[in-house]
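A.B. asks: Let me begin by handing over the structure; questions about it come next.
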Protein chains: 2
Amino acid sequence: MSRVYNFSAGPSMLPDFVLARVKEELLEYRDTHQSVMEMSHRSKEYLSIIEACEAKFRSMLGVSDDYTVLFLQGGAYTQFAMLPMNLMTVNRTADYLITGSWGEKAYLEGKKFGEARIVASSEDKNFTYIPEIDASRLNPDADFMHFCYNNTIFGTSFSSTPSSIVPLAADVSSMILSKPLDVNDYGILYAGAQKNMGIAGLTVVVIRKDLCDRSPVDIPSMFSYSIQQKNQSMFNTPATFPIYVLSVMLDWLDEEIGGLAAMQKINKEKSSIIYDYLDESNMFYGTVEKSSRSDMNICFISEDDSINKEFCAAATAAGFLNLAGHRSVGGMRASVYNAMPIEGVKALRDFMSTFEKEHK
Amino acid sequence: MSRVYNFSAGPSMLPDFVLARVKEELLEYRDTHQSVMEMSHRSKEYLSIIEACEAKFRSMLGVSDDYTVLFLQGGAYTQFAMLPMNLMTVNRTADYLITGSWGEKAYLEGKKFGEARIVASSEDKNFTYIPEIDASRLNPDADFMHFCYNNTIFGTSFSSTPSSIVPLAADVSSMILSKPLDVNDYGILYAGAQKNMGIAGLTVVVIRKDLCDRSPVDIPSMFSYSIQQKNQSMFNTPATFPIYVLSVMLDWLDEEIGGLAAMQKINKEKSSIIYDYLDESNMFYGTVEKSSRSDMNICFISEDDSINKEFCAAATAAGFLNLAGHRSVGGMRASVYNAMPIEGVKALRDFMSTFEKEHK
């Protein structure tokens, strides 16, 4: 089988380990004589999968018993609404950091539920950096402070968790499981699975248990953290197959990679290969400030837009897929999530280098 | 491979045709050199899958251009909230028929958004029949009338679409694609995929386009029919793999079954095998009125509860899975969705018959 290198911002590549295991178990999962896709979510066969998945996830990320892990649906965008619907309910105000499109969308949803305040933004320079946070602007009465850790579209990332005086809420969709993270710094974390946790259709929410008590009783049941917590992700039928794929992703991280610190080292090595090339290139340059660079999404561009177009077309023809940048940035974006092998990154670097030489 | 017969209420069995095709295409979808699970939802490779899926679905069910087809997430329970959030917005009142647990849950969510009125109920006899609808009780000002077509838990079903003077809204999760349905009778139809349309994590909504105009602008974007319509199910990342499985299910219905009329004939034949046995049995009897029997979910019971328990255990040991009835009914339930082969139904009937003889 000849595989392409898929640099999509998500859904994106899966590790060979995961693809092989899923195929091997697809029609008959171990000794159950059925496919995971066919299992009743309440059967003992499936419960053993989802319970093991949660245990592995907790162990991998270091999630204590103070937190609930929820396997929900609807993507991060659904959380943009569930978050204020459930938690902006004490003082009806929350702080938002705006470091890109997704943080801004979260803010716009928050405004529908109360006073959402912008306390820092990098919109002045088209989100090409992570702004400093002026502590005097933070509201001690905010029900939470929200931010997006890694900005998929603009290719920036916080390098560490910002400090906060109120419960911290974060969209970690494009960085979860890419490096260690101290969950205890957060009130709530959430992420779509289709970047580092498998396939589309699953959203993982990690929420401090006491925050679930804030859920108002008159909101729709499906959108209540309290109800989801009480039912342990089984309030209705969860996305059974994507949860299974996450469990295989966790096995890969554990057995083949060796955990999150090892994953971070590999991810740093991968992104450096491209950034180092960009810093030397006379044709392409990175679009964001060096100190704000993301290890997951690498945005770059040439001054000559005809070169950008030609590069994307040539890359696609050579089996490097989905390198066109988001329309709000232009140029190119290479998303190099956990599953992108280092060989793919080196091959892309070599392709860029050759392309540059040929277009001198 | 030795397969079990899975009588789960959902998720449940998939046709061999579908399992084989999904496995064959799993790692490398046709000439794309990637798995469907890895495809960017906005790539041309994936767009061809989702567009073909919608076209096949429209053709199979007979959905005209007056209707939008949405591929969403969150199950029918999410629709219980989205429905009133979007549509109970003209006169802020809606009529609900209560014929089982799911219809009742939909009603309880509706009450959170306006005046939800119960216009018919079969709760007086524990939902063992489909009630007559007294036309004089219907509210001509209702924004919609909601009902659940097939009641998974209680094993009853409407035999045809009830007439309505306002837009009809229906949860068709456990009967969609099991027989022809005139979509033009409805304002909105919705269904979770995990019974007759593949795997969990996908919800299909069919809504008359003009009704989308009712969506208020201040509701969460993810829950707005209007926004989902404008973005053709791509407002955020849809459940890409479950949508692909639906497209294979539709191929199976078309190529191997021959469409919905043929499927209905087979389903009627399957349910008759069990119902005919029950009508003759001295040990087991069906729990619902004959005229209200569902062809999808067959509920039956023995007067002796120790027999019920022994039967379920013996059936499981013999490879007939998930036959225990819902706790609100007790006894047994055999869910025989499209994918359950007639051989499975005959084998269950024979097993019941032998069990009865051995326990005389």
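Please note that chains go A, B, ... in the order of the structure tokens, that every chain numbers its residues from 1, and that ligands are numbered from 1 in the order shown.
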Would you kindly report the residues of chain A within 7 Å of chain B, using only C-alpha atoms, as a PyMOL selection string?

C.D. replies: chain A and resi 2-4+8+10-14+19+23+26-27+33-34+37-41+73-74+77-78+81+109+112+199-201+218+220+222+237-240

A.B. asks: Considering only strand (DSSP E) as DSSP defines it on the backbone, what residues of region 131-215 of chain B qualify? List them as an MDAnalysis selection string.

C.D. replies: chainID B and resid 145:148 150:151 156:157 168:171 188:192 203:208

A.B. asks: Residues at most 10 Å from Val205 (chain B), counting only C-alpha atoms, excluding those fewer than 5 positions away in the same chain, as a PyMOL selection string?

C.D. replies: chain B and resi 67-73+76+79+171-172+188-192+225

A.B. asks: Can you pull out the residues contacting region 260-268 of chain A? Cut-off 9 Å, using only C-alpha atoms, and skip same-chain residues under 5 positions away; I want them as JSON, numbers by chain.

C.D. replies: {"A": [60, 61, 177, 178, 179, 180, 181, 253, 254, 273, 295, 296, 336, 337, 338, 342]}

A.B. asks: What does the file look like for those residues with all heavy atoms, as a compact mmCIF listing (two decimals), in the first residue's frame?

C.D. replies:
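Now in again14.txt:
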# COMPACT_ATOMS: atom_id res chain seq x y z
N MET A 60 -2.74 8.46 31.18
CA MET A 60 -1.85 9.12 30.22
C MET A 60 -1.74 10.61 30.51
O MET A 60 -0.65 11.18 30.49
CB MET A 60 -2.39 8.88 28.80
CG MET A 60 -1.57 9.47 27.66
SD MET A 60 0.08 8.76 27.49
CE MET A 60 -0.30 7.07 27.02
N LEU A 61 -2.87 11.26 30.78
CA LEU A 61 -2.87 12.72 30.97
C LEU A 61 -2.70 13.10 32.44
O LEU A 61 -2.46 14.27 32.75
CB LEU A 61 -4.17 13.30 30.40
CG LEU A 61 -4.19 14.81 30.10
CD1 LEU A 61 -3.11 15.18 29.08
CD2 LEU A 61 -5.57 15.24 29.59
N LEU A 177 -2.68 15.64 24.31
CA LEU A 177 -1.86 14.42 24.16
C LEU A 177 -0.61 14.65 23.31
O LEU A 177 0.10 13.70 22.98
CB LEU A 177 -2.68 13.25 23.59
CG LEU A 177 -3.92 12.81 24.38
CD1 LEU A 177 -4.53 11.57 23.73
CD2 LEU A 177 -3.59 12.53 25.84
N SER A 178 -0.32 15.92 22.96
CA SER A 178 0.92 16.18 22.21
C SER A 178 2.08 16.43 23.16
O SER A 178 3.25 16.41 22.75
CB SER A 178 0.75 17.38 21.27
OG SER A 178 0.69 18.59 22.01
N LYS A 179 1.76 16.72 24.42
CA LYS A 179 2.79 16.96 25.45
C LYS A 179 2.11 16.86 26.81
O LYS A 179 0.88 16.89 26.90
CB LYS A 179 3.44 18.33 25.24
CG LYS A 179 2.51 19.53 25.47
CD LYS A 179 3.28 20.84 25.32
CE LYS A 179 2.48 22.05 25.80
NZ LYS A 179 3.22 23.31 25.73
N PRO A 180 2.90 16.75 27.87
CA PRO A 180 2.27 16.70 29.20
C PRO A 180 1.54 18.01 29.50
O PRO A 180 1.90 19.06 28.99
CB PRO A 180 3.46 16.52 30.15
CG PRO A 180 4.57 15.98 29.30
CD PRO A 180 4.37 16.61 27.95
N LEU A 181 0.51 17.92 30.33
CA LEU A 181 -0.28 19.09 30.71
C LEU A 181 -0.74 18.85 32.15
O LEU A 181 -1.16 17.74 32.48
CB LEU A 181 -1.51 19.17 29.78
CG LEU A 181 -2.28 20.47 29.69
CD1 LEU A 181 -1.44 21.55 29.01
CD2 LEU A 181 -3.56 20.24 28.89
N LEU A 253 0.27 5.43 21.98
CA LEU A 253 1.07 6.41 22.73
C LEU A 253 1.86 5.73 23.85
O LEU A 253 3.01 6.06 24.11
CB LEU A 253 0.14 7.46 23.36
CG LEU A 253 -0.08 8.75 22.60
CD1 LEU A 253 -1.12 9.61 23.32
CD2 LEU A 253 1.22 9.53 22.44
N ASP A 254 1.21 4.77 24.48
CA ASP A 254 1.83 4.08 25.61
C ASP A 254 2.88 3.07 25.13
O ASP A 254 4.04 3.12 25.54
CB ASP A 254 0.72 3.38 26.41
CG ASP A 254 1.27 2.68 27.64
OD1 ASP A 254 2.26 3.17 28.21
OD2 ASP A 254 0.70 1.64 28.02
N ILE A 273 12.42 20.58 12.37
CA ILE A 273 12.91 20.27 11.01
C ILE A 273 12.35 21.29 10.02
O ILE A 273 13.06 21.81 9.16
CB ILE A 273 12.52 18.83 10.63
CG1 ILE A 273 13.36 17.84 11.45
CG2 ILE A 273 12.69 18.59 9.13
CD1 ILE A 273 12.90 16.41 11.35
N ASP A 295 3.91 23.71 17.68
CA ASP A 295 4.54 22.48 17.20
C ASP A 295 3.56 21.61 16.40
O ASP A 295 3.95 20.60 15.84
CB ASP A 295 5.10 21.67 18.38
CG ASP A 295 6.28 22.37 19.03
OD1 ASP A 295 7.02 23.08 18.32
OD2 ASP A 295 6.45 22.21 20.26
N MET A 296 2.32 22.00 16.38
CA MET A 296 1.30 21.19 15.72
C MET A 296 0.95 21.72 14.32
O MET A 296 0.71 20.96 13.39
CB MET A 296 0.01 21.16 16.56
CG MET A 296 0.14 20.51 17.93
SD MET A 296 0.20 18.70 17.82
CE MET A 296 1.96 18.40 18.04
N VAL A 336 1.18 18.89 11.78
CA VAL A 336 2.02 17.73 12.08
C VAL A 336 1.65 17.19 13.46
O VAL A 336 2.40 17.31 14.42
CB VAL A 336 3.53 18.08 11.98
CG1 VAL A 336 3.91 18.30 10.52
CG2 VAL A 336 3.87 19.35 12.76
N TYR A 337 0.45 16.62 13.52
CA TYR A 337 -0.02 16.06 14.78
C TYR A 337 0.79 14.82 15.15
O TYR A 337 1.65 14.37 14.38
CB TYR A 337 -1.52 15.74 14.68
CG TYR A 337 -2.36 16.98 14.41
CD1 TYR A 337 -3.16 17.08 13.28
CD2 TYR A 337 -2.34 18.06 15.29
CE1 TYR A 337 -3.92 18.22 13.03
CE2 TYR A 337 -3.09 19.21 15.04
CZ TYR A 337 -3.88 19.28 13.92
OH TYR A 337 -4.62 20.40 13.68
N ASN A 338 0.46 14.28 16.31
CA ASN A 338 1.20 13.11 16.82
C ASN A 338 1.45 12.04 15.76
O ASN A 338 2.52 11.44 15.72
CB ASN A 338 0.41 12.46 17.97
CG ASN A 338 0.47 13.27 19.25
OD1 ASN A 338 1.15 14.30 19.32
ND2 ASN A 338 -0.25 12.83 20.28
N ILE A 342 8.06 11.16 11.52
CA ILE A 342 9.18 12.06 11.26
C ILE A 342 9.64 11.95 9.81
O ILE A 342 10.09 12.93 9.20
CB ILE A 342 10.32 11.79 12.28
CG1 ILE A 342 11.29 12.97 12.30
CG2 ILE A 342 11.04 10.48 11.98
CD1 ILE A 342 12.09 13.07 13.58

A.B. asks: For region 119-121 of chain A, find every residue with an atom within 10 Å (counting only C-alpha atoms), except residues of its own chain fewer than 5 positions away, and show them as a PyMOL selection string.

C.D. replies: chain A and resi 94-100+103-104+126-127+129-139+145-147

A.B. asks: In terms of the shortest atom-to-atom distance over only C-alpha atoms, which of A:Val183, A:Leu323, A:Met197, A:Leu83 is closest to Cys53 (chain A)?

C.D. replies: A:Met197

A.B. asks: If we count only C-alpha atoms and set the cut-off at 7 Å, which residues sit around Val166 (chain A), ignoring sequence neighbours fewer than 5 positions away in its own chain? Please answer as a list in words.

C.D. replies: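 Once the nearby chain positions are removed, what remains is Pro140, Ala142, Asp143, Phe144 and Met145 of chain A.
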
A.B. asks: Would you mind reading off the distance between CA of Ser291 (chain A) and CA of Thr203 (chain A), one decimal, in Å?

C.D. replies: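 Computing it gives 29.3 Å between the two atoms.
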
A.B. asks: Applying 8 Å and only C-alpha atoms, which residues near Asp182 (chain A) remain after dropping the ones on its own chain fewer than 3 positions away? List them as a ChimeraX atom specification.

C.D. replies: /A:61-62,185-186

A.B. asks: Could you turn the residues from that selection into a file that holds N, CA and C atoms, as a JSON list (two decimals), in the first residue's frame?

C.D. replies:
[["chain", "number", "residue", "atom", "x", "y", "z"],
["A", 61, "LEU", "N", -2.87, 11.26, 30.78],
["A", 61, "LEU", "CA", -2.87, 12.72, 30.97],
["A", 61, "LEU", "C", -2.70, 13.10, 32.44],
["A", 62, "GLY", "N", -2.84, 12.11, 33.33],
["A", 62, "GLY", "CA", -2.73, 12.42, 34.76],
["A", 62, "GLY", "C", -3.97, 13.14, 35.28],
["A", 185, "ASP", "N", -4.37, 22.55, 36.80],
["A", 185, "ASP", "CA", -4.41, 24.00, 36.57],
["A", 185, "ASP", "C", -5.75, 24.45, 35.99],
["A", 186, "TYR", "N", -6.57, 23.49, 35.61],
["A", 186, "TYR", "CA", -7.77, 23.82, 34.84],
["A", 186, "TYR", "C", -9.07, 23.53, 35.61]]

A.B. asks: Per DSSP on the backbone, filter region 82-305 of chain A down to the residues in alpha helix (DSSP H) and report them as JSON, numbers by chain.

C.D. replies: {"A": [82, 83, 84, 85, 86, 87, 101, 102, 103, 104, 105, 106, 107, 108, 109, 110, 225, 226, 227, 228, 229, 230, 240, 241, 242, 243, 244, 245, 246, 247, 248, 249, 250, 251, 252, 260, 261, 262, 263, 264, 265, 266, 267, 268, 269, 270, 271, 272, 273, 274, 275, 276, 277, 278, 279, 280, 305]}

A.B. asks: Please indicate the distance in Å from CA of Thr128 (chain B) to CA of Ser335 (chain B), rounded to one decimal place.

C.D. replies: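 Going from CA of Thr128 (chain B) over to CA of Ser335 (chain B) covers 16.5 Å.
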
A.B. asks: One number please: CA of Ala116 (chain A) to CA of Arg214 (chain B), in Å, one decimal.

C.D. replies: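 These atoms are spaced 26.2 Å apart.
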
A.B. asks: So which one's closest to Ile227 (chain B), B:Ser272, B:Ser64, B:Asn86, B:Ser292? Using only C-alpha atoms, please.

C.D. replies: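 Smallest separation from Ile227 (chain B) among the options: B:Asn86.
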